[in-house]
Amino acid sequence: MTAIMNPGRRAFLKATVAAGGGLLVAFYLPGCERREASTASSDVVFEANAWLRIAADDSVTIRVASSEMGQGVMTAIPMLIAEELDADWSKIQAEMAPAAQAYFNPLMGRQHTGGSTAVRGFWTPVRQAGAAAREMLRLAAAQTWGVPEEGCRTEAGAVLHPASGRRLSYGALADKAAGLPVPEAVFLKEPDEFRLVGKALPRVDTPSKVNGSAAFGQDANVPGMLVATVLRCPVFGGKVKQFNAAKAKAVAGVRRVLQIESGVAVVADNFWSAKRGRDALEVQWDEGPAAGLSSAVIRRQMQEAASRPGEVARQQGDMDEALTVAAKRLDAVYEVPYLAHACMEPMNCTAHVRAQGCDVWVGTQGQTLTQQTAMRLTGLPAEKVNVHTLFLGGGFGRRSEQDFVADALELSKAVGAPVKVMWTREDDIRHDYYRPATYNVLSAGMDERGSPTAWSHRIVGPSIFARFPARAGAAIDRTSVEGAANIPYAIPNLSVTYTKVDPGIPVGFWRSVGSSQNAFVTECFLDELAALAGKDPYELRGELLAGEPRHKGVLELAARKAGWSKALPEGRHRGIAVAAAFGSVVAQVAEISITDRRQVRVHRVVCAIDCGMIVNPDTIEAQMQSGIVYGLTAALKGQITIKDGRVEQGNFNDYPLLRMDEMPEIEVHIMPSTEPPGGVGEPGTPPIAPAVANAVFAATGKPVRRLPIRL
Amino acid sequence: MISLMINGKKQDIDVDPDTPLLWVLRDTLGLTGTKYGCGIAACGACTVHVNGQPIRSCVTPVSSIAGKRLTTIEGLSEDNSHPVQRAWIAEEVPQCGFCQSGQIMAAAALLAAKTTPSDTDIDSAMSGIICRCGTYQRIRRAIKRAAELMAREA
Ligand code: FES
Ligand code: FES
């Protein structure tokens, strides 16, 4: 067992008698002050900070600080707590936590779900909370029975005293345990003692997701609620010049037409009235300087920027010398387009702003940011802003943003009623924070034996961090170079630079962020080098990864399971790629054919992941499938193009997504490991585009240097 | 006034007859299990059954279904006991879950028409329903499992 000291004792873990009885264990980050319940209506104090509550009926309610957007966090976090608590899994209930400092993710510094950090960030603290509760229950039983604590043990929701055969359930002990001191230190289990962690336990949210009862942001319904849609300027950065609301107001059910920060809003009794009102609205826009923007203009900006020296993200050896003396040299330009997130559920938010407080119901990845947005727009203090997190119909980074939250808050404040703002699919596609388009100039050299000796990668693209004041100052946006500056290959002369451009298209975090494009660029360029050297792409990777056992491990596993060394049937081709992201390493082998209509058809993907210790293997498999489909959609189809300052796409007819009949067979293999867990929500995405593109290269002999793949 | 038969219950609704069924379900009747994803019959999130046939409620004027039998996800079973729901649970299909009402309604209609659907049948019945989370592989398995459940219990 590993003893974990609780610094500052009571300041760290606190137990309380919950209103209505029962044991409530709260954990505090050092330095965080206790805060009373933030739910305005609640008479149950102290709940706001609690991780788990045990009721007399033996039910254990666990509050999950991270947002459930499909990645299974609402099951994974309770598994960690239940493990240390020795709980009966069938008695576990999970709910989403309110916004409060106690729920900050230690890796994010705020309550936020992103960067595949939920399990990584909460791995130790929530297990401590579970272990502390377990120890208090054990002591409560020992005292009840008048026996030494050492003679009592815990198992499946009860304390047992084997010597006398006595047993008390946690529910029966909860009240007494709540009055006991919090242990100064708790023992956490060693991996070989785990009984729940590592098992494919069923997701707690599945039953509600097969009968329509799971409540998403879109489903929020508050008494007296109005529904709004907003007409935004189609050109980025454009403003309302003037508008005529007469026709919109004539639509039955429309209550108000008003201008807000993001455009002109139509507030109505229901969505359809709001939508028809918006269709009837007449707005004149001041389109601003971006009106002349097009994809071709943006590309030229990037090409020009590429001729300027960039900021150094990584530098080793002497690049000029190495390229000069190289036996063979290769130069290439790689490009990726802007991409929309296209969450299945278009953006929406419901807010009720009152003089004394405000409630926000939203599927958000950022509770702290939501609270801050409300504080800014209403002037209310944090404790008066209640954030109710609903299920997210996909997040992928899009639901970290605050634009839809601000819409609802502004509107509720203006009309004095609860307002649900609904974005249409077109709003969602045309007003996203897009995955940055980038332009990449690569050069490499190799010696006579075909070993790469020089690797130069110059990245040109917009910066996501540029709009966040705390990070905007940095010369290098680390999201732009992740997956490129940290390529794992042992190449003696290596240079990676970054040149920032700002074409005026909003950019944001898109599942796996910089690695989503950099893995494509670097892993495809490596295959080009292998071809130039006359080497097998898998063998070349192996040569260059001598010092990277995790990369090598997943590559070998994926190659073996895919039968890399075996011949393929006529017309089939394979590609391989590996990428490390968010604490995990993933390799994939894609098997493709090219159809008569010159389309790429992906038949099979073999995926191997090393994500450290396994929390729930079924979730890991699902997240690999999910990440692969997300990345494959981008590789085969995804592109946002700009014309006259506007996004040309608007719905699934022109921004198509992968469908059932295009789905490859995906096989997932998980490396056994006792290392602390890595992320799983994002790392499945980066390798798929290069694995498929490398298979196309193998099929056609022509490298794929641009996404989406076009033959 | 439009009379609808929804999930076995008669409902009289006073709305503009052109209103898409989706918004009557969601905003007028509070049946929010049926989702809005695109509004142009391109994603299938809004799929419901009219006289047993899957339709896209986002492009179906409510007046056109007067007098017909309508089933939404809420009406599939009382207790997650429909074979498709049981298969979905057994295969752990949903991720974010947003598309799943549409997936399940499409699958239920497919299985009502074809007791042992082939992969091609599944492709053609299901390719209209997008899952951005990429649950397709599990959906296919769940449909096959549901078919077995139905055969066993027939
Ligand atoms: S919402 Fe009806 S098909 Fe997309
Ligand atoms: S489960 Fe998320 S869109 Fe299908």
# chains A, B, ... in the order shown; residues from 1 in each chain; ligands from 1
$ select_by_dssp --residues "region 48-129 of chain B" --states "helix (DSSP H, G or I)" --output "PyMOL selection string"
chain B and resi 57-59+62-65+73-75+83-90+100-113+119-126
$ closest_atom_pairs --of "chain B" --to "ligand 2" --cutoff "9 Å" --atoms "only C-alpha atoms and all ligand atoms" --output "JSON lines"
{"residue": "B:Ala45", "atom": "CA", "partner": "ligand 2", "partner_atom_place_in_ligand_line": "3 (S)", "distance": 8.7}
{"residue": "B:Val93", "atom": "CA", "partner": "ligand 2", "partner_atom_place_in_ligand_line": "1 (S)", "distance": 7.5}
{"residue": "B:Pro94", "atom": "CA", "partner": "ligand 2", "partner_atom_place_in_ligand_line": "1 (S)", "distance": 4.7}
{"residue": "B:Gln95", "atom": "CA", "partner": "ligand 2", "partner_atom_place_in_ligand_line": "1 (S)", "distance": 4.2}
{"residue": "B:Cys96", "atom": "CA", "partner": "ligand 2", "partner_atom_place_in_ligand_line": "2 (Fe)", "distance": 3.9}
{"residue": "B:Gly97", "atom": "CA", "partner": "ligand 2", "partner_atom_place_in_ligand_line": "1 (S)", "distance": 3.9}
{"residue": "B:Phe98", "atom": "CA", "partner": "ligand 2", "partner_atom_place_in_ligand_line": "2 (Fe)", "distance": 5.0}
{"residue": "B:Cys99", "atom": "CA", "partner": "ligand 2", "partner_atom_place_in_ligand_line": "4 (Fe)", "distance": 4.3}
{"residue": "B:Gln100", "atom": "CA", "partner": "ligand 2", "partner_atom_place_in_ligand_line": "4 (Fe)", "distance": 5.7}
{"residue": "B:Gln103", "atom": "CA", "partner": "ligand 2", "partner_atom_place_in_ligand_line": "4 (Fe)", "distance": 8.1}
{"residue": "B:Ile129", "atom": "CA", "partner": "ligand 2", "partner_atom_place_in_ligand_line": "4 (Fe)", "distance": 8.9}
{"residue": "B:Ile130", "atom": "CA", "partner": "ligand 2", "partner_atom_place_in_ligand_line": "3 (S)", "distance": 6.8}
{"residue": "B:Cys131", "atom": "CA", "partner": "ligand 2", "partner_atom_place_in_ligand_line": "4 (Fe)", "distance": 3.6}
{"residue": "B:Arg132", "atom": "CA", "partner": "ligand 2", "partner_atom_place_in_ligand_line": "3 (S)", "distance": 4.2}
{"residue": "B:Cys133", "atom": "CA", "partner": "ligand 2", "partner_atom_place_in_ligand_line": "2 (Fe)", "distance": 4.2}
{"residue": "B:Gly134", "atom": "CA", "partner": "ligand 2", "partner_atom_place_in_ligand_line": "4 (Fe)", "distance": 6.4}
{"residue": "B:Thr135", "atom": "CA", "partner": "ligand 2", "partner_atom_place_in_ligand_line": "4 (Fe)", "distance": 6.0}
{"residue": "B:Tyr136", "atom": "CA", "partner": "ligand 2", "partner_atom_place_in_ligand_line": "4 (Fe)", "distance": 8.3}
$ residues_near_ligand --ligand "ligand 1" --cutoff "10 Å" --atoms "only C-alpha atoms and all ligand atoms" --output "count of residues only"
35
$ closest_atom_pairs --of "chain A" --to "chain B" --cutoff "7 Å" --atoms "only C-alpha atoms" --output "Markdown table"
| residue | atom | partner | partner_atom | distance |
| --- | --- | --- | --- | --- |
| A:Met69 | CA | B:Cys96 | CA | 4.9 |
| A:Gly70 | CA | B:Cys96 | CA | 3.5 |
| A:Gln71 | CA | B:Gln95 | CA | 6.4 |
| A:Thr206 | CA | B:Ile89 | CA | 6.3 |
| A:Pro207 | CA | B:Ile89 | CA | 6.7 |
| A:Lys209 | CA | B:Gly97 | CA | 5.4 |
| A:Val210 | CA | B:Gln85 | CA | 5.8 |
| A:Asn211 | CA | B:Ile73 | CA | 5.8 |
| A:Gly212 | CA | B:Gly33 | CA | 3.7 |
| A:Ser213 | CA | B:Gly33 | CA | 6.1 |
| A:Asp219 | CA | B:Thr32 | CA | 5.8 |
| A:Asn270 | CA | B:Asp27 | CA | 6.2 |
| A:Trp272 | CA | B:Trp23 | CA | 6.5 |
| A:Cys343 | CA | B:Arg132 | CA | 6.6 |
| A:Met344 | CA | B:Arg132 | CA | 5.8 |
| A:Glu345 | CA | B:Gly37 | CA | 5.8 |
| A:Pro346 | CA | B:Gly37 | CA | 6.6 |
| A:Leu392 | CA | B:Cys96 | CA | 6.4 |
| A:Gly393 | CA | B:Phe98 | CA | 4.9 |
| A:Gly394 | CA | B:Cys96 | CA | 5.6 |
| A:Arg425 | CA | B:Cys38 | CA | 5.2 |
| A:Gln625 | CA | B:Gly134 | CA | 6.4 |
| A:Ser626 | CA | B:Gly134 | CA | 4.6 |
| A:Val629 | CA | B:Gly134 | CA | 5.3 |
| A:Asn651 | CA | B:Cys38 | CA | 6.7 |
| A:Phe652 | CA | B:Ala42 | CA | 6.0 |
| A:Asn653 | CA | B:Ala42 | CA | 6.7 |
| A:Arg659 | CA | B:Ser127 | CA | 5.4 |
| A:Met660 | CA | B:Ser127 | CA | 4.8 |
| A:Asp661 | CA | B:Asp123 | CA | 4.9 |
| A:Met663 | CA | B:Tyr136 | CA | 6.8 |
$ atom_distance --atom1 "CA of Ala567 (chain A)" --atom2 "CA of Glu539 (chain A)"
15.8 Å
$ atom_distance --atom1 "CA of Arg376 (chain A)" --atom2 "CA of Val405 (chain A)"
11.7 Å
$ select_by_dssp --residues "region 111-249 of chain A" --states "strand (DSSP E or B)" --output "list of chain:residue names"
A:His112, A:Arg153, A:Thr154, A:Glu155, A:Ala158, A:Val159, A:Leu160, A:His161, A:Arg166, A:Arg167, A:Leu168, A:Ser169, A:Ala185, A:Val186, A:Phe187, A:Leu188, A:Phe216, A:Leu226, A:Val227, A:Ala228, A:Thr229, A:Val230, A:Leu231, A:Lys239, A:Val240, A:Lys241, A:Gln242, A:Phe243, A:Asn244
$ residues_around --residues "Gly645 (chain A)" --least-positions-apart "2" --cutoff "10 Å" --atoms "only C-alpha atoms" --output "list of chain:residue names"
A:Pro234, A:Val235, A:Phe236, A:Gly237, A:Gly238, A:Glu287, A:Gly288, A:Pro289, A:Ala290, A:Ala291, A:Gly292, A:Leu293, A:Ser294, A:Ser295, A:Gly504, A:Ile505, A:Thr641, A:Ile642, A:Lys643, A:Val647, A:Glu648
$ write_last_selection --atoms "all heavy atoms" --output "short mmCIF file (atom, residue, chain, number, x, y, z; two decimals), in the first residue's frame"
data_model
loop_
_atom_site.label_atom_id
_atom_site.label_comp_id
_atom_site.auth_asym_id
_atom_site.auth_seq_id
_atom_site.Cartn_x
_atom_site.Cartn_y
_atom_site.Cartn_z
N PRO A 234 -22.43 37.07 -41.14
CA PRO A 234 -21.78 35.94 -41.80
C PRO A 234 -20.27 36.13 -41.98
O PRO A 234 -19.54 35.16 -42.13
CB PRO A 234 -22.49 35.86 -43.16
CG PRO A 234 -23.14 37.18 -43.36
CD PRO A 234 -23.43 37.72 -41.99
N VAL A 235 -19.83 37.39 -41.94
CA VAL A 235 -18.40 37.65 -42.08
C VAL A 235 -17.79 37.78 -40.68
O VAL A 235 -18.32 38.47 -39.82
CB VAL A 235 -18.17 38.96 -42.88
CG1 VAL A 235 -16.67 39.28 -42.95
CG2 VAL A 235 -18.76 38.84 -44.27
N PHE A 236 -16.65 37.09 -40.48
CA PHE A 236 -15.99 37.15 -39.18
C PHE A 236 -15.63 38.58 -38.82
O PHE A 236 -15.07 39.30 -39.64
CB PHE A 236 -14.75 36.27 -39.17
CG PHE A 236 -15.10 34.81 -39.30
CD1 PHE A 236 -14.79 34.11 -40.45
CD2 PHE A 236 -15.79 34.16 -38.29
CE1 PHE A 236 -15.13 32.77 -40.58
CE2 PHE A 236 -16.14 32.82 -38.40
CZ PHE A 236 -15.82 32.12 -39.56
N GLY A 237 -15.99 38.97 -37.61
CA GLY A 237 -15.64 40.31 -37.13
C GLY A 237 -16.60 41.40 -37.58
O GLY A 237 -16.47 42.55 -37.19
N GLY A 238 -17.61 41.06 -38.40
CA GLY A 238 -18.57 42.06 -38.87
C GLY A 238 -19.51 42.50 -37.75
O GLY A 238 -19.66 41.81 -36.74
N GLU A 287 -19.57 44.70 -42.74
CA GLU A 287 -18.85 43.43 -42.80
C GLU A 287 -17.40 43.52 -42.34
O GLU A 287 -16.78 42.50 -42.04
CB GLU A 287 -18.93 42.85 -44.23
CG GLU A 287 -20.36 42.47 -44.59
CD GLU A 287 -20.47 41.73 -45.91
OE1 GLU A 287 -19.48 41.73 -46.68
OE2 GLU A 287 -21.54 41.15 -46.16
N GLY A 288 -16.88 44.73 -42.31
CA GLY A 288 -15.53 44.90 -41.77
C GLY A 288 -14.44 44.41 -42.71
O GLY A 288 -14.70 44.00 -43.84
N PRO A 289 -13.20 44.44 -42.23
CA PRO A 289 -12.04 44.17 -43.09
C PRO A 289 -11.96 42.73 -43.59
O PRO A 289 -11.29 42.46 -44.59
CB PRO A 289 -10.84 44.49 -42.20
CG PRO A 289 -11.36 44.45 -40.80
CD PRO A 289 -12.80 44.83 -40.86
N ALA A 290 -12.65 41.78 -42.92
CA ALA A 290 -12.50 40.38 -43.33
C ALA A 290 -13.34 40.04 -44.56
O ALA A 290 -13.26 38.92 -45.08
CB ALA A 290 -12.87 39.45 -42.18
N ALA A 291 -14.12 41.00 -45.05
CA ALA A 291 -15.05 40.70 -46.15
C ALA A 291 -14.33 40.20 -47.40
O ALA A 291 -14.93 39.51 -48.23
CB ALA A 291 -15.89 41.92 -46.47
N GLY A 292 -13.06 40.56 -47.57
CA GLY A 292 -12.35 40.15 -48.76
C GLY A 292 -11.60 38.82 -48.61
O GLY A 292 -10.92 38.38 -49.53
N LEU A 293 -11.76 38.22 -47.45
CA LEU A 293 -10.96 37.03 -47.15
C LEU A 293 -11.45 35.80 -47.91
O LEU A 293 -12.64 35.58 -48.09
CB LEU A 293 -11.08 36.76 -45.64
CG LEU A 293 -9.90 36.10 -44.95
CD1 LEU A 293 -8.63 36.88 -45.18
CD2 LEU A 293 -10.20 35.99 -43.45
N SER A 294 -10.48 35.00 -48.36
CA SER A 294 -10.84 33.73 -48.99
C SER A 294 -9.77 32.71 -48.62
O SER A 294 -8.69 33.07 -48.15
CB SER A 294 -10.89 33.87 -50.51
OG SER A 294 -9.58 34.08 -50.99
N SER A 295 -10.06 31.45 -48.87
CA SER A 295 -9.07 30.41 -48.58
C SER A 295 -7.78 30.65 -49.36
O SER A 295 -6.68 30.41 -48.86
CB SER A 295 -9.63 29.03 -48.92
OG SER A 295 -10.66 28.71 -48.01
N GLY A 504 -7.58 36.03 -39.32
CA GLY A 504 -8.87 36.57 -38.86
C GLY A 504 -9.98 35.55 -38.76
O GLY A 504 -11.15 35.90 -38.63
N ILE A 505 -9.64 34.29 -38.84
CA ILE A 505 -10.63 33.23 -38.65
C ILE A 505 -10.48 32.74 -37.20
O ILE A 505 -9.38 32.37 -36.81
CB ILE A 505 -10.37 32.04 -39.61
CG1 ILE A 505 -10.25 32.50 -41.06
CG2 ILE A 505 -11.44 30.95 -39.45
CD1 ILE A 505 -11.50 33.07 -41.66
N THR A 641 -13.91 25.96 -45.86
CA THR A 641 -13.29 26.90 -46.80
C THR A 641 -13.97 28.27 -46.67
O THR A 641 -15.11 28.36 -46.25
CB THR A 641 -13.42 26.40 -48.25
OG1 THR A 641 -14.80 26.14 -48.53
CG2 THR A 641 -12.64 25.11 -48.46
N ILE A 642 -13.22 29.29 -47.05
CA ILE A 642 -13.68 30.67 -46.84
C ILE A 642 -13.82 31.36 -48.20
O ILE A 642 -12.96 31.24 -49.06
CB ILE A 642 -12.66 31.47 -45.99
CG1 ILE A 642 -12.26 30.70 -44.72
CG2 ILE A 642 -13.18 32.86 -45.67
CD1 ILE A 642 -13.33 30.53 -43.70
N LYS A 643 -14.91 32.07 -48.34
CA LYS A 643 -15.10 32.90 -49.52
C LYS A 643 -15.81 34.19 -49.10
O LYS A 643 -16.78 34.12 -48.34
CB LYS A 643 -15.96 32.14 -50.54
CG LYS A 643 -15.93 32.74 -51.91
CD LYS A 643 -16.74 31.92 -52.90
CE LYS A 643 -16.90 32.70 -54.18
NZ LYS A 643 -18.10 32.33 -54.88
N VAL A 647 -17.77 31.41 -44.15
CA VAL A 647 -17.57 29.97 -44.27
C VAL A 647 -18.52 29.45 -45.35
O VAL A 647 -19.70 29.78 -45.36
CB VAL A 647 -17.86 29.27 -42.92
CG1 VAL A 647 -17.96 27.77 -43.09
CG2 VAL A 647 -16.77 29.63 -41.92
N GLU A 648 -17.99 28.66 -46.27
CA GLU A 648 -18.82 28.20 -47.38
C GLU A 648 -19.73 27.04 -47.00
O GLU A 648 -20.72 26.78 -47.66
CB GLU A 648 -17.92 27.77 -48.55
CG GLU A 648 -17.22 28.96 -49.19
CD GLU A 648 -16.53 28.57 -50.49
OE1 GLU A 648 -15.42 28.01 -50.43
OE2 GLU A 648 -17.11 28.82 -51.56
#
$ atom_distance --atom1 "CA of Asn244 (chain A)" --atom2 "CA of Leu231 (chain A)"
12.6 Å
$ residues_around --residues "region 703-706 of chain A" --least-positions-apart "3" --cutoff "6 Å" --atoms "only C-alpha atoms" --output "PyMOL selection string"
chain A and resi 334-336+693+697
$ residues_around --residues "Val668 (chain A)" --least-positions-apart "3" --cutoff "7 Å" --atoms "only C-alpha atoms" --output "PyMOL selection string"
chain A and resi 606-608+621
